[in-house]
Every structure is written in structure tokens, then in C-alpha cells.
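See below for the structure under consideration.
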Amino acid sequence: MGVRSTNPLQPFIDDFYRSGTDAVGQAISASGGSTVSNGGYKYHVFTSSGSFVINSGGGAAVFDYVVVAGGGSGGRQGHSGGGGAGGGGVSNRTSQILNDGSFPVTIGAGGAQAPSNSTAGNAGSTSTFNSVSSTGGAGGITNYNNNPSTGGGGPGGASGGGDSPQPFSGGNGNRPGSCYSSGSERSGGGGGGAGAAGTNASASGGGNGGAGKACPQYPGPAFTGAMPSDWISAVGPTGLFGGGGAGGADATAGSPGPGGGGAGGAGPGKTSGDGGVANTGGGAGGSGGRTCGTSDFQPGAGGDGVVIIRYPG
């Protein structure tokens with residue numbers, strides 16, 4: 001698990017991890033967050049900031065953990081679909097040695113809804129644990145569609161960095177000539193996910209959000225009964241976190257990114273974008289487009305981040 005060929009001691013660390021004991025052979029004793037036992041592992045799930053405390057009394061032990069930042073909020077457009085927001089960064093670590101002690105955990109909040117018409121979404125906040133930081137997803141971008149020179153929904157936000165050297169980008173929106181252009185032209189791009197880029201808006205509507213990053217150590221079904229059903233479904237069997245939000249549109253919104261991304265708004269039946277799924281770091285969907293002269297529609301807020309720590313037990 002997590003073997004690194006550059007570290008000659010890694011096979012011994014992995015054996016140590018599989019034992020589920022500390023350095024003197026005692027069972028690991030730890031507290032903090034909500035605890036879940038499933039499939040031979042014990043998980044500590046932090047949905048709000050706190051501390052992970054190891055008090056085995058035997059010194060070092062080996063742990064896995066994932067640090068997920070908050071997703072961005074969707075773009076709030078006037079006469080066209082807002083851009084989908086970026087998913088929060090995801091930093092996945094395996095076979096990490098931690099000594100007895102208290103380790104602060106900071107959970108990044110999702111970006112708040114864009115405050116007014118024709119404004120970009122807000123970025124999510126950083127999550128941290130054991131000197132590992134994951135960056136929040138960027139807010140969905142929007143361009144006010146009354147002006148022929150600025151056009152439509154604009155790109156979605158980029159994702160947070162996570163373990164990637166560069167964030168995955170958001171897709172571009174369509175740029176119609178005016179707010180009276182056809183609905184398929186008034187569409188926003190999808191937000192980048194932690195594992196893939198968002199797609200551009202197309203002739204048929206808003207862009208899709210990029211997929212989240214797969215962390216197979218934390219499959220959603222393992223947390224059945226301990227986490228909400230929408231979280232379990234969003235994370236899924238492959239452990240996806242940080243999906244990008246879908247681009248909004250006047251007619252047909254894009255699809256949310258797997259891993260907690262929010263659906264985009266689209267008139268007339270669904271005008272407001274959905275928020276990212278709570279505690280997945282999912283980016284929010286952009287607002288729907290609308291007919292000139294009517295009230296504007298709401299984008300979604302970003303999903304808060306999460307930190308999960310596991311060890312055999």
C-alpha cells in the first residue's frame with residue numbers, strides 16, 4: 001500500500017502499517033472526529049475543524065489520510081448561464097508515520113454564493129492536516145451578457161491544486177451577441193475538478209464539471225450509516241472528491257463533475273445552480289440563463305472540505 005520505490009524502507013513501513021499497532025506492538029489508540037469501522041479499518045472523519053489525538057503510549061504508528069479543501073461557488077450571471085466552480089484540491093497520503101500527540105485539523109469552507117448579479121463565485125478555503133494543505137477551488141467566472149463585447153457565461157473556475165502541479169482548468173463559456181440571442185448560446189463552461197478539467201459550453205448548453213480525484217482508500221459505501229446518503233453517492237465506490245460544478249445555461253445545463261460537483265441552473269424549469277455536495281469539496285453549479293428583464297437566478301455555494309484518517313483496526 002503506497003509503496004514508493006525511492007524509499008528502501010517503504011516495504012518495512014507498509015508491513016508496520018498492516019500490523020495496526022504502534023512501535024511497541026500495542027493497538028493504536030486515537031480520538032477525534034467521527035469514527036467509523038468497516039472492512040478491517042478504522043476511520044476518523046472530520047467535517048469540521050478539531051484535533052486528531054494519538055495516545056497509544058507506544059510512540060510511532062502508520063496512518064493513511066486524505067485532505068480535501070472547500071469547493072468554489074458558481075458564477076452568477078445576468079442574461080446567460082454562469083460558469084461552474086472548481087472542486088477543492090485533494091491531497092491523498094498513504095503509509096505516513098505519526099508519533100503520539102495532538103494534530104490540528106482545519107476544514108476549509110466552501111465558497112459562499114456570489115453576492116449579486118454579474119459577479120464571479122467565491123473560492124473555497126484551504127484544508128490542512130499534519131503540514132499537508134489542499135487549496136480551495138476557484139469560483140465560477142461570469143460575464144454580463146447585456147454587452148455584445150463581453151458576451152456570455154465565461155469560463156468555470158479552476159480546481160484547487162491538491163497533489164497536482166497545476167490545477168485542472170475550467171471550460172470556456174459561449175459568447176452570444178446580446179441577451180436576445182438563442183438559448184443554446186447563453187451557456188457557461190464547466191468547473192475544473194480535482195482530477196480532470198471542465199469542458200467548454202457547447203451548442204447544446206453548459207459545459208460539464210470535471211471529475212474529482214479518486215482516493216480508493218475511502219469508498220463512499222464504507223461510511224453507510226455514518227455519512228449522508230448524498231455524500232456516499234457522490235464519493236462512490238472509487239472514493240471521488242473535489243468534482244467540478246456544471247455550467248449554467250438558458251436551455252440545458254451541463255452535468256456536474258463526479259465527486260460532489262453541483263448541477264448547473266437552466267431555465268425555465270431549474271433556474272438556480274446547485275451547491276457542491278457537503279464535505280466532498282465539490283464545486284457549485286453556475287446560475288441559469290434567463291430572458292431579458294426578469295429577475296436573476298442564483299448559483300450554488302461550494303461544498304465544504306473534509307479530512308479522513310484511517311488505520312487497520
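Labels for the C-alpha cells follow display order: chains A, B, ..., residues from 1 in each chain, ligands from 1.
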Can you tell me which residues surround region 187-193 of chain A at a distance of at most 7 Å, considering only C-alpha atoms, apart from same-chain residues fewer than 2 positions away, and format the answer as a PyMOL selection string? chain A and resi 80-87+140+152-159+168-174+184-185+195-201+205-212+242-250+254+257
Among the residues of region 66-302 of chain A, find those DSSP assigns to alpha helix (DSSP H) from the backbone and print them as an NGL selection string. :A and (229-235)
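The coordinates place CA of Gly265 (chain A) at 28.8 Å from CA of Cys215 (chain A).
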Which residues come within 9 Å of Val90 (chain A), counting only C-alpha atoms, excluding same-chain residues fewer than 3 positions away, as a PyMOL selection string? chain A and resi 66-69+87+133-135+160-164+194-195+212-213+215+241-242+281
